[in-house]
Amino acid sequence: MGNAMPNAPRSPFSLPRSSSSRREDKSVDSSPTVFTSSELAQFTGEKKQPIYISLASVVYDASSMREVYGPGGESHHLAGKDASRALALSSFSARDLNDLELSDLGGAQLRQLDTWVKRFREEYNFPVVGRLILKQDMTKEELRRFNGVDNVRHTCLVALNGVIYDVTANGWDHYGPDGTYSLFAGRDASVALARMSLDPEVLDDANLDELTEEERKTLADWSTRFQQKYSVVGKLLD
């Protein structure tokens with residue numbers, strides 16, 4: 001069955017809750033808020049609502065600069081949106097304001113985005129209020145880059161029983177690059193978690209038909225735990 005997990009929990013439900021969301025997001029508490037794009041769109045400052053803006057999927061409260069980002073402000077078009085692409089390209093067309101794709105950005109554009117991130121954090125001192133989750137079905141190959149490292153948003157996804165979960169906000173300590181279970185990031189972890197194994201060969205095994213009854217029960221427990229703790233963002237297509 002491969003190597004048992006080091007410090008393996010007695011059951012999926014004995015896993016401690018994450019104490020922080022991301023290395024850069026220390027101001028987010030142990031249960032950070034997650035937003036879908038439609039939920040984020042509600043926070044534009046209208047009717048005295050807060051003003052939230054997402055950069056690289058980190059959601060900031062820009063309400064302290066309402067004169068700039070609020071109704072009537074010169075940058076109100078960024079309110080309630082993920083402004084990553086628009087600011088990276090210095091383009092505020094409707095297309096770029098609504099396009100969430102960042103993988104095609106070049107080096108200079110990524111540096112421009114990083115400049116804005118630092119400005120939001122250090123110059124404007126905008127509080128971090130949560131994280132934007134993006135819903136997308138994908139293949140296992142497409143899933144691989146969502147390991148917390150190999151994508152601009154540092155998104156960390158784990159697939160289980162055909163369902164894709166975003167574990168970035170609440171599971172970074174476990175599944176992020178320095179986490180005990182980082183091997184599962186960007187992968188289908190169904191068989192590995194069912195067998196409580198960190199063996200790479202087990203992780204590469206996607207055949208659920210060979211699981212024992214006990215392993216199926218363990219997988220079902222993990223699925224319940226993931227459903228309770230993490231956001232579903234899509235399904236595996238293969």
# chains A, B, ... in the order shown; residues from 1 in each chain; ligands from 1

call {"tool": "residues_around", "arguments": {"residues": "range 216-224 of chain A", "least_positions_apart": "4", "cutoff": "10 Å", "atoms": "only C-alpha atoms", "output": "NGL selection string"}}
result
:A and (11-13 or 159-161 or 163 or 189-196 or 208-212 or 228-229)

call {"tool": "select_by_dssp", "arguments": {"residues": "range 1-211 of chain A", "states": "helix (DSSP H, G or I)", "output": "ChimeraX atom specification"}}
result
/A:12-14,37-40,46-48,63-69,76-78,84-89,94-98,107-123,140-143,168-175,182-184,190-194,200-203,208-210

call {"tool": "atom_distance", "arguments": {"atom1": "CA of Phe92 in chain A", "atom2": "CA of Gln42 in chain A"}}
result
19.4 Å

call {"tool": "residues_around", "arguments": {"residues": "Phe120 in chain A", "least_positions_apart": "4", "cutoff": "10 Å", "atoms": "only C-alpha atoms", "output": "NGL selection string"}}
result
:A and (53 or 55 or 60-62 or 114-116 or 124-128)

call {"tool": "closest_atom_pairs", "arguments": {"of": "range 60-93 of chain A", "to": "range 100-107 of chain A", "cutoff": "9 Å", "atoms": "only C-alpha atoms", "output": "JSON lines"}}
result
{"residue": "A:Asp82", "atom": "CA", "partner": "A:Leu100", "partner_atom": "CA", "distance": 7.2}
{"residue": "A:Ala83", "atom": "CA", "partner": "A:Leu100", "partner_atom": "CA", "distance": 8.5}
{"residue": "A:Ser84", "atom": "CA", "partner": "A:Leu100", "partner_atom": "CA", "distance": 7.7}
{"residue": "A:Arg85", "atom": "CA", "partner": "A:Leu102", "partner_atom": "CA", "distance": 6.4}
{"residue": "A:Ala88", "atom": "CA", "partner": "A:Leu105", "partner_atom": "CA", "distance": 8.0}
{"residue": "A:Leu89", "atom": "CA", "partner": "A:Leu105", "partner_atom": "CA", "distance": 8.4}

call {"tool": "write_last_selection", "arguments": {"atoms": "C-alpha atoms", "output": "short mmCIF file (atom, residue, chain, number, x, y, z; two decimals), in the first residue's frame"}}
result
data_model
loop_
_atom_site.label_atom_id
_atom_site.label_comp_id
_atom_site.auth_asym_id
_atom_site.auth_seq_id
_atom_site.Cartn_x
_atom_site.Cartn_y
_atom_site.Cartn_z
CA ASP A 82 -10.96 40.86 -9.96
CA ALA A 83 -8.84 43.70 -11.36
CA SER A 84 -5.72 41.59 -11.95
CA ARG A 85 -5.72 41.53 -15.75
CA ALA A 88 -1.47 44.23 -15.30
CA LEU A 89 -2.28 45.42 -18.83
#
